[in-house]
Structure formats: C-alpha cells, structure tokens
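Student: Okay, handing you the structure first.
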Amino acid sequence: MASGGDGGGEKGAAPTATTTIETMVIVRPLKVIAVILAALAMLLMLLSVAATTWLEANRVREGLWERCHFRVNETDMVDCNVTLPKDWLQVCRSLCLIALIFTFFGVVVTSAGLRSSNFRAKNRFYFWGMVLWFLADALQLSSLVTFPIKFLDSITTRAELHWQFGWAYGIGWGAAIFVFLGGLLLLIDKGAEEVVYREVTAKEKLLEEEDEATEVV
C-alpha cells in the first residue's frame, strides 16, 4: 500500500526539467578570410619564385634562378641559363623559400584551428598561424627590399643599361600584402569566442513521456 501511495504521488507531481549542455562551434568569417588570403599569398609566392621576370631589359629577363635571352628574329623563343652564383641572390632565394614554407604551415595550422572544437586549442592554433604569417611577411619583404638594392649596386657590371622590374617582382609584393592582411585579421579577431555553450531544457520531452505512461495505465 505504501508503495502504491508513493507511485500515485509521483504520478501527480509536476515533471522536473532536465538541462543538458550543448557545445556549438561558430566559425568566424574573418578567420576564414584570413586563411583564403594566406592561401592566395602562398600561390603568388610560388609563382614569383619560379618565374624568370624579376628583371627585364632589351631581349633579356632574369629571375632568382635563371637568366633568359630572346633569340634573334624569334620573339617567342628564349634560351635560359642558370644565373651566376651571387651571395646576395642566394640570400633572396632562401628568404623567399622560407617565407613560402612559413605561409604554408600557417595555412595548415590556422585551418586546424577552424576545425577544432577545443577552445584552448583553437586559440593556440590561431596564435601560431598569426606568428608564422607575420614571420613569412618579414622574410618576403626582406627579400624584396634586398633584391633591388644589390641589383643597383651591380648594374654597372652588366652589358644592358636599361632595366626594369618585371611582373614576378610585383607579384612578390602582392604576396607580401596578402600574407600580412591574413595575419592582421587573426590579430584583430583573436579575442572573439568561437565555442558557445548552450543550455537545452528537456521539459517537453518529459511531459510527452508522462502522457504516454498515463495512457498505458
């Protein structure tokens, strides 16, 4: 009888609401844009390093790796040879390659941060992505500034008198701008919280379960 009384009292009692915590990951648009800019910068760096048009003169063009001559009476045919070894040119090559590597790893690290649901891990990923991109930008700028200074110092030893910077050199500057903007966006948006904890109340579900139990009785 006591057991039955307890059951009746429980049936007449108001249902208690249970609360669960849901974790929601919110992807910030600025961080996505930062990754896109850095990826574009990486492509531009690769194109700039591989191209042979950092410098252009009459029927001659030079890059970080090769010097090309247009054939006489054949404007579409060129002969390319490896550029003469110069200490300053090797430094520029190394700086550009390291900048490219840093940019690539920055994209990988920041993308891992976008996919992670661990708030602390996300912040660490974003921090190191920002550091890698700013370092890459500093190295890229060092190469872009060193190259013309050293070239002008050695221009008197060249047969060609009239030189101009080619499109590959300009693309290198574009890459430096993009990777800097990517790091800047991470810096601006670093304090934004991306993991939201939401309380979900299951009171309605309890009411439905109680109604079903009543009908069965």
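Just so we're on the same page: first chain in the structure tokens is A, next is B, and so on; residues restart at 1 for each chain, and ligands are numbered from 1 in the order they show up.
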Among region 80-132 of chain A, which ones does DSSP place in alpha helix (DSSP H), written as a PDB file with C-alpha atoms, in the first residue's frame?
Tutor:
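Result went into out28.pdb, see below:
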```pdb
ATOM      1  CA  ASP A  87      75.776  35.682 -52.346  1.00  0.00           C
ATOM      2  CA  TRP A  88      73.005  38.282 -52.242  1.00  0.00           C
ATOM      3  CA  LEU A  89      70.941  36.409 -54.826  1.00  0.00           C
ATOM      4  CA  GLN A  90      71.211  33.196 -52.820  1.00  0.00           C
ATOM      5  CA  VAL A  91      70.048  35.111 -49.751  1.00  0.00           C
ATOM      6  CA  CYS A  92      66.989  36.379 -51.653  1.00  0.00           C
ATOM      7  CA  ARG A  93      66.191  32.867 -52.824  1.00  0.00           C
ATOM      8  CA  SER A  94      66.445  31.478 -49.308  1.00  0.00           C
ATOM      9  CA  LEU A  95      64.274  34.219 -47.815  1.00  0.00           C
ATOM     10  CA  CYS A  96      61.535  33.675 -50.406  1.00  0.00           C
ATOM     11  CA  LEU A  97      61.552  29.901 -49.964  1.00  0.00           C
ATOM     12  CA  ILE A  98      61.422  30.119 -46.173  1.00  0.00           C
ATOM     13  CA  ALA A  99      58.585  32.658 -46.430  1.00  0.00           C
ATOM     14  CA  LEU A 100      56.713  30.231 -48.684  1.00  0.00           C
ATOM     15  CA  ILE A 101      57.204  27.377 -46.202  1.00  0.00           C
ATOM     16  CA  PHE A 102      56.092  29.516 -43.244  1.00  0.00           C
ATOM     17  CA  THR A 103      52.989  30.632 -45.148  1.00  0.00           C
ATOM     18  CA  PHE A 104      52.090  27.035 -45.972  1.00  0.00           C
ATOM     19  CA  PHE A 105      52.400  25.866 -42.369  1.00  0.00           C
ATOM     20  CA  GLY A 106      50.452  28.936 -41.229  1.00  0.00           C
ATOM     21  CA  VAL A 107      47.588  27.919 -43.509  1.00  0.00           C
ATOM     22  CA  VAL A 108      47.694  24.355 -42.173  1.00  0.00           C
ATOM     23  CA  VAL A 109      47.771  25.437 -38.520  1.00  0.00           C
ATOM     24  CA  THR A 110      45.003  28.017 -38.888  1.00  0.00           C
ATOM     25  CA  SER A 111      42.808  25.558 -40.811  1.00  0.00           C
ATOM     26  CA  ALA A 112      43.276  23.092 -37.944  1.00  0.00           C
ATOM     27  CA  GLY A 113      42.078  25.828 -35.596  1.00  0.00           C
ATOM     28  CA  LEU A 114      38.941  26.340 -37.653  1.00  0.00           C
ATOM     29  CA  ARG A 115      38.133  22.627 -37.452  1.00  0.00           C
ATOM     30  CA  PHE A 119      38.572  26.427 -27.321  1.00  0.00           C
ATOM     31  CA  ARG A 120      42.087  26.483 -25.904  1.00  0.00           C
ATOM     32  CA  ALA A 121      43.469  24.505 -28.818  1.00  0.00           C
ATOM     33  CA  LYS A 122      41.783  26.889 -31.265  1.00  0.00           C
ATOM     34  CA  ASN A 123      43.476  29.881 -29.667  1.00  0.00           C
ATOM     35  CA  ARG A 124      46.874  28.191 -29.820  1.00  0.00           C
ATOM     36  CA  PHE A 125      46.390  27.291 -33.475  1.00  0.00           C
ATOM     37  CA  TYR A 126      45.386  30.848 -34.342  1.00  0.00           C
ATOM     38  CA  PHE A 127      48.303  32.304 -32.399  1.00  0.00           C
ATOM     39  CA  TRP A 128      50.897  30.183 -34.170  1.00  0.00           C
ATOM     40  CA  GLY A 129      49.243  30.760 -37.531  1.00  0.00           C
ATOM     41  CA  MET A 130      49.468  34.509 -36.958  1.00  0.00           C
ATOM     42  CA  VAL A 131      53.133  34.244 -35.891  1.00  0.00           C
ATOM     43  CA  LEU A 132      54.045  32.163 -38.940  1.00  0.00           C
TER      44      LEU A 132
END
```
Student: If we count only C-alpha atoms, what is near Trp163 (chain A) at a cut-off of 10 Å, once residues fewer than 2 positions away on the same chain are taken out, given as number ranges by chain?
Tutor: A: 55-58, 60-61, 152, 155, 160-161, 165-166
Student: Can those selected residues be exported to a file as an mmCIF file, in the first residue's frame so that it contains all heavy atoms?
Tutor:
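Result file is result-v2.cif:
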```cif
data_model
loop_
_atom_site.group_PDB
_atom_site.id
_atom_site.type_symbol
_atom_site.label_atom_id
_atom_site.label_comp_id
_atom_site.auth_asym_id
_atom_site.auth_seq_id
_atom_site.Cartn_x
_atom_site.Cartn_y
_atom_site.Cartn_z
ATOM 1 N N LEU A 55 63.447 40.837 -63.395
ATOM 2 C CA LEU A 55 64.092 41.954 -64.090
ATOM 3 C C LEU A 55 63.918 41.774 -65.590
ATOM 4 O O LEU A 55 63.943 40.645 -66.098
ATOM 5 C CB LEU A 55 65.583 42.018 -63.762
ATOM 6 C CG LEU A 55 65.973 42.336 -62.316
ATOM 7 C CD1 LEU A 55 67.471 42.114 -62.138
ATOM 8 C CD2 LEU A 55 65.589 43.756 -61.959
ATOM 9 N N GLU A 56 63.775 42.886 -66.290
ATOM 10 C CA GLU A 56 63.635 42.839 -67.743
ATOM 11 C C GLU A 56 64.470 43.940 -68.369
ATOM 12 O O GLU A 56 64.529 45.060 -67.867
ATOM 13 C CB GLU A 56 62.171 43.020 -68.153
ATOM 14 C CG GLU A 56 61.271 41.857 -67.768
ATOM 15 C CD GLU A 56 59.826 42.070 -68.191
ATOM 16 O OE1 GLU A 56 59.301 43.172 -67.937
ATOM 17 O OE2 GLU A 56 59.247 41.150 -68.791
ATOM 18 N N ALA A 57 65.132 43.582 -69.468
ATOM 19 C CA ALA A 57 65.897 44.541 -70.271
ATOM 20 C C ALA A 57 65.621 44.223 -71.737
ATOM 21 O O ALA A 57 64.730 43.417 -72.045
ATOM 22 C CB ALA A 57 67.381 44.460 -69.950
ATOM 23 N N ASN A 58 66.366 44.847 -72.617
ATOM 24 C CA ASN A 58 66.175 44.619 -74.048
ATOM 25 C C ASN A 58 66.522 43.176 -74.401
ATOM 26 O O ASN A 58 67.681 42.784 -74.403
ATOM 27 C CB ASN A 58 67.051 45.582 -74.850
ATOM 28 C CG ASN A 58 66.786 45.482 -76.338
ATOM 29 O OD1 ASN A 58 65.710 45.046 -76.750
ATOM 30 N ND2 ASN A 58 67.779 45.859 -77.140
ATOM 31 N N VAL A 60 66.239 40.548 -72.739
ATOM 32 C CA VAL A 60 66.801 39.784 -71.627
ATOM 33 C C VAL A 60 65.840 39.869 -70.443
ATOM 34 O O VAL A 60 65.225 40.908 -70.209
ATOM 35 C CB VAL A 60 68.189 40.317 -71.201
ATOM 36 C CG1 VAL A 60 68.731 39.513 -70.024
ATOM 37 C CG2 VAL A 60 69.157 40.268 -72.362
ATOM 38 N N ARG A 61 65.751 38.787 -69.712
ATOM 39 C CA ARG A 61 64.992 38.808 -68.472
ATOM 40 C C ARG A 61 65.662 37.886 -67.459
ATOM 41 O O ARG A 61 66.295 36.894 -67.827
ATOM 42 C CB ARG A 61 63.531 38.399 -68.699
ATOM 43 C CG ARG A 61 63.334 36.960 -69.123
ATOM 44 C CD ARG A 61 61.898 36.704 -69.535
ATOM 45 N NE ARG A 61 61.652 35.289 -69.765
ATOM 46 C CZ ARG A 61 60.570 34.822 -70.380
ATOM 47 N NH1 ARG A 61 59.644 35.666 -70.821
ATOM 48 N NH2 ARG A 61 60.405 33.522 -70.550
ATOM 49 N N LEU A 152 71.096 47.189 -58.044
ATOM 50 C CA LEU A 152 71.578 48.512 -58.441
ATOM 51 C C LEU A 152 73.071 48.669 -58.162
ATOM 52 O O LEU A 152 73.771 49.392 -58.883
ATOM 53 C CB LEU A 152 70.778 49.592 -57.715
ATOM 54 C CG LEU A 152 69.293 49.703 -58.120
ATOM 55 C CD1 LEU A 152 68.579 50.728 -57.254
ATOM 56 C CD2 LEU A 152 69.172 50.068 -59.596
ATOM 57 N N ILE A 155 74.751 46.947 -61.220
ATOM 58 C CA ILE A 155 74.247 47.234 -62.566
ATOM 59 C C ILE A 155 75.343 47.715 -63.498
ATOM 60 O O ILE A 155 75.276 47.532 -64.715
ATOM 61 C CB ILE A 155 73.096 48.263 -62.496
ATOM 62 C CG1 ILE A 155 72.332 48.284 -63.817
ATOM 63 C CG2 ILE A 155 73.627 49.644 -62.137
ATOM 64 C CD1 ILE A 155 71.069 49.111 -63.780
ATOM 65 N N GLU A 160 73.689 45.260 -70.336
ATOM 66 C CA GLU A 160 72.441 46.001 -70.583
ATOM 67 C C GLU A 160 72.370 47.216 -69.661
ATOM 68 O O GLU A 160 72.663 47.114 -68.468
ATOM 69 C CB GLU A 160 71.232 45.100 -70.353
ATOM 70 C CG GLU A 160 71.173 43.886 -71.262
ATOM 71 C CD GLU A 160 72.042 42.754 -70.755
ATOM 72 O OE1 GLU A 160 72.514 42.833 -69.606
ATOM 73 O OE2 GLU A 160 72.256 41.787 -71.515
ATOM 74 N N LEU A 161 71.954 48.330 -70.203
ATOM 75 C CA LEU A 161 71.923 49.573 -69.433
ATOM 76 C C LEU A 161 70.538 49.893 -68.886
ATOM 77 O O LEU A 161 70.413 50.507 -67.836
ATOM 78 C CB LEU A 161 72.410 50.740 -70.304
ATOM 79 C CG LEU A 161 73.860 50.656 -70.789
ATOM 80 C CD1 LEU A 161 74.191 51.853 -71.671
ATOM 81 C CD2 LEU A 161 74.821 50.586 -69.612
ATOM 82 N N PHE A 165 61.810 46.431 -63.431
ATOM 83 C CA PHE A 165 61.332 45.289 -62.676
ATOM 84 C C PHE A 165 60.132 44.671 -63.385
ATOM 85 O O PHE A 165 59.249 45.379 -63.865
ATOM 86 C CB PHE A 165 60.959 45.699 -61.251
ATOM 87 C CG PHE A 165 62.141 46.124 -60.434
ATOM 88 C CD1 PHE A 165 62.391 47.463 -60.174
ATOM 89 C CD2 PHE A 165 63.013 45.171 -59.934
ATOM 90 C CE1 PHE A 165 63.479 47.845 -59.430
ATOM 91 C CE2 PHE A 165 64.112 45.547 -59.187
ATOM 92 C CZ PHE A 165 64.348 46.893 -58.934
ATOM 93 N N GLY A 166 60.118 43.339 -63.419
ATOM 94 C CA GLY A 166 59.073 42.622 -64.130
ATOM 95 C C GLY A 166 57.884 42.281 -63.251
ATOM 96 O O GLY A 166 57.823 42.603 -62.060
#
```
Student: Find the residues near Leu181 (chain A): any atom within 9 Å, counting only C-alpha atoms, skip ones fewer than 5 places away on the same chain, and give them as a PyMOL selection string.
Tutor: chain A and resi 34+37-38+176+186
Student: Please dump the current selection as a CSV table (one decimal), in the first residue's frame; keep N, CA and C atoms.
Tutor:
```
chain,number,residue,atom,x,y,z
A,34,ALA,N,41.0,35.2,-43.6
A,34,ALA,CA,42.5,35.2,-43.4
A,34,ALA,C,43.1,34.0,-44.0
A,37,LEU,N,43.2,34.5,-47.8
A,37,LEU,CA,44.2,35.5,-48.2
A,37,LEU,C,45.6,34.8,-48.1
A,38,ALA,N,45.9,34.1,-47.1
A,38,ALA,CA,47.2,33.4,-46.9
A,38,ALA,C,47.4,32.4,-48.0
A,176,ALA,N,53.3,39.5,-50.3
A,176,ALA,CA,53.6,40.1,-49.0
A,176,ALA,C,52.4,40.8,-48.4
A,186,LEU,N,43.8,37.8,-38.2
A,186,LEU,CA,43.8,36.9,-37.0
A,186,LEU,C,44.1,37.7,-35.7
```
Student: Between A:Met42, A:Val145, A:Trp133, A:Gly172, which one has atoms that come closest to Leu185 (chain A), using only C-alpha atoms?
Tutor: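 Closest residue, counting only C-alpha atoms: A:Trp133.
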Student: From a DSSP calculation on the backbone, collect every residue of region 33-197 of chain A in strand (DSSP E or B) and output the set as a CSV table (one decimal) with N, CA, C and O atoms, in the first residue's frame.
Tutor:
```csv
chain,number,residue,atom,x,y,z
A,55,LEU,N,63.4,40.8,-63.4
A,55,LEU,CA,64.1,42.0,-64.1
A,55,LEU,C,63.9,41.8,-65.6
A,55,LEU,O,63.9,40.6,-66.1
A,56,GLU,N,63.8,42.9,-66.3
A,56,GLU,CA,63.6,42.8,-67.7
A,56,GLU,C,64.5,43.9,-68.4
A,56,GLU,O,64.5,45.1,-67.9
A,57,ALA,N,65.1,43.6,-69.5
A,57,ALA,CA,65.9,44.5,-70.3
A,57,ALA,C,65.6,44.2,-71.7
A,57,ALA,O,64.7,43.4,-72.0
A,60,VAL,N,66.2,40.5,-72.7
A,60,VAL,CA,66.8,39.8,-71.6
A,60,VAL,C,65.8,39.9,-70.4
A,60,VAL,O,65.2,40.9,-70.2
A,61,ARG,N,65.8,38.8,-69.7
A,61,ARG,CA,65.0,38.8,-68.5
A,61,ARG,C,65.7,37.9,-67.5
A,61,ARG,O,66.3,36.9,-67.8
A,62,GLU,N,65.5,38.2,-66.2
A,62,GLU,CA,66.2,37.5,-65.1
A,62,GLU,C,65.2,37.2,-64.0
A,62,GLU,O,64.3,38.0,-63.7
A,66,GLU,N,67.2,31.8,-63.0
A,66,GLU,CA,67.7,31.8,-64.4
A,66,GLU,C,67.7,33.1,-65.1
A,66,GLU,O,67.1,34.1,-64.7
A,67,ARG,N,68.6,33.2,-66.1
A,67,ARG,CA,68.7,34.4,-67.0
A,67,ARG,C,68.4,33.9,-68.4
A,67,ARG,O,69.0,33.0,-68.9
A,68,CYS,N,67.4,34.6,-69.0
A,68,CYS,CA,66.9,34.2,-70.3
A,68,CYS,C,67.2,35.2,-71.4
A,68,CYS,O,67.0,36.4,-71.1
A,69,HIS,N,67.5,34.8,-72.6
A,69,HIS,CA,67.8,35.7,-73.7
A,69,HIS,C,66.8,35.3,-74.8
A,69,HIS,O,66.6,34.1,-75.1
A,70,PHE,N,66.1,36.3,-75.4
A,70,PHE,CA,65.3,36.0,-76.6
A,70,PHE,C,66.2,35.8,-77.8
A,70,PHE,O,67.2,36.5,-78.0
A,71,ARG,N,65.8,34.8,-78.6
A,71,ARG,CA,66.6,34.5,-79.8
A,71,ARG,C,66.4,35.6,-80.9
A,71,ARG,O,65.3,36.2,-80.9
A,74,GLU,N,63.3,35.7,-83.4
A,74,GLU,CA,62.4,34.8,-82.9
A,74,GLU,C,61.9,35.3,-81.5
A,74,GLU,O,62.4,34.9,-80.4
A,75,THR,N,60.9,36.1,-81.5
A,75,THR,CA,60.4,36.7,-80.3
A,75,THR,C,59.8,35.8,-79.3
A,75,THR,O,59.7,36.1,-78.1
A,76,ASP,N,59.4,34.6,-79.8
A,76,ASP,CA,58.7,33.6,-78.9
A,76,ASP,C,59.7,32.6,-78.3
A,76,ASP,O,59.2,31.7,-77.6
A,77,MET,N,60.9,32.6,-78.7
A,77,MET,CA,61.9,31.6,-78.3
A,77,MET,C,62.9,32.2,-77.4
A,77,MET,O,63.5,33.3,-77.7
A,78,VAL,N,63.2,31.5,-76.3
A,78,VAL,CA,64.2,32.0,-75.4
A,78,VAL,C,65.1,30.9,-75.0
A,78,VAL,O,64.8,29.7,-75.0
A,79,ASP,N,66.4,31.3,-74.7
A,79,ASP,CA,67.3,30.4,-74.1
A,79,ASP,C,67.7,30.8,-72.7
A,79,ASP,O,68.0,31.9,-72.5
A,80,CYS,N,67.5,29.9,-71.8
A,80,CYS,CA,67.7,30.2,-70.4
A,80,CYS,C,68.9,29.4,-69.8
A,80,CYS,O,69.1,28.3,-70.1
A,81,ASN,N,69.6,30.1,-69.0
A,81,ASN,CA,70.8,29.5,-68.3
A,81,ASN,C,70.7,29.9,-66.8
A,81,ASN,O,70.1,30.9,-66.4
A,82,VAL,N,71.3,29.1,-66.0
A,82,VAL,CA,71.3,29.3,-64.5
A,82,VAL,C,72.1,30.6,-64.3
A,82,VAL,O,73.1,30.8,-64.9
A,164,GLN,N,64.2,47.2,-66.0
A,164,GLN,CA,63.0,47.5,-65.2
A,164,GLN,C,62.5,46.2,-64.5
A,164,GLN,O,62.9,45.1,-64.9
A,165,PHE,N,61.8,46.4,-63.4
A,165,PHE,CA,61.3,45.3,-62.7
A,165,PHE,C,60.1,44.7,-63.4
A,165,PHE,O,59.2,45.4,-63.9
A,195,VAL,N,33.6,29.1,-29.4
A,195,VAL,CA,32.9,27.9,-28.8
A,195,VAL,C,31.8,28.5,-27.9
A,195,VAL,O,32.1,29.1,-26.9
A,196,VAL,N,30.5,28.1,-28.2
A,196,VAL,CA,29.4,28.6,-27.4
A,196,VAL,C,28.8,27.4,-26.7
A,196,VAL,O,28.5,26.4,-27.3
A,197,TYR,N,28.6,27.6,-25.4
A,197,TYR,CA,27.9,26.5,-24.6
A,197,TYR,C,26.5,26.9,-24.3
A,197,TYR,O,26.2,27.9,-23.7
```
Student: From the list A:Leu141, A:Leu135, A:Ala39, A:Phe147, which residue is nearest Leu64 (chain A) when using only C-alpha atoms?
Tutor: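 When distances to Leu64 (chain A) are compared using only C-alpha atoms, the smallest one comes from A:Phe147.
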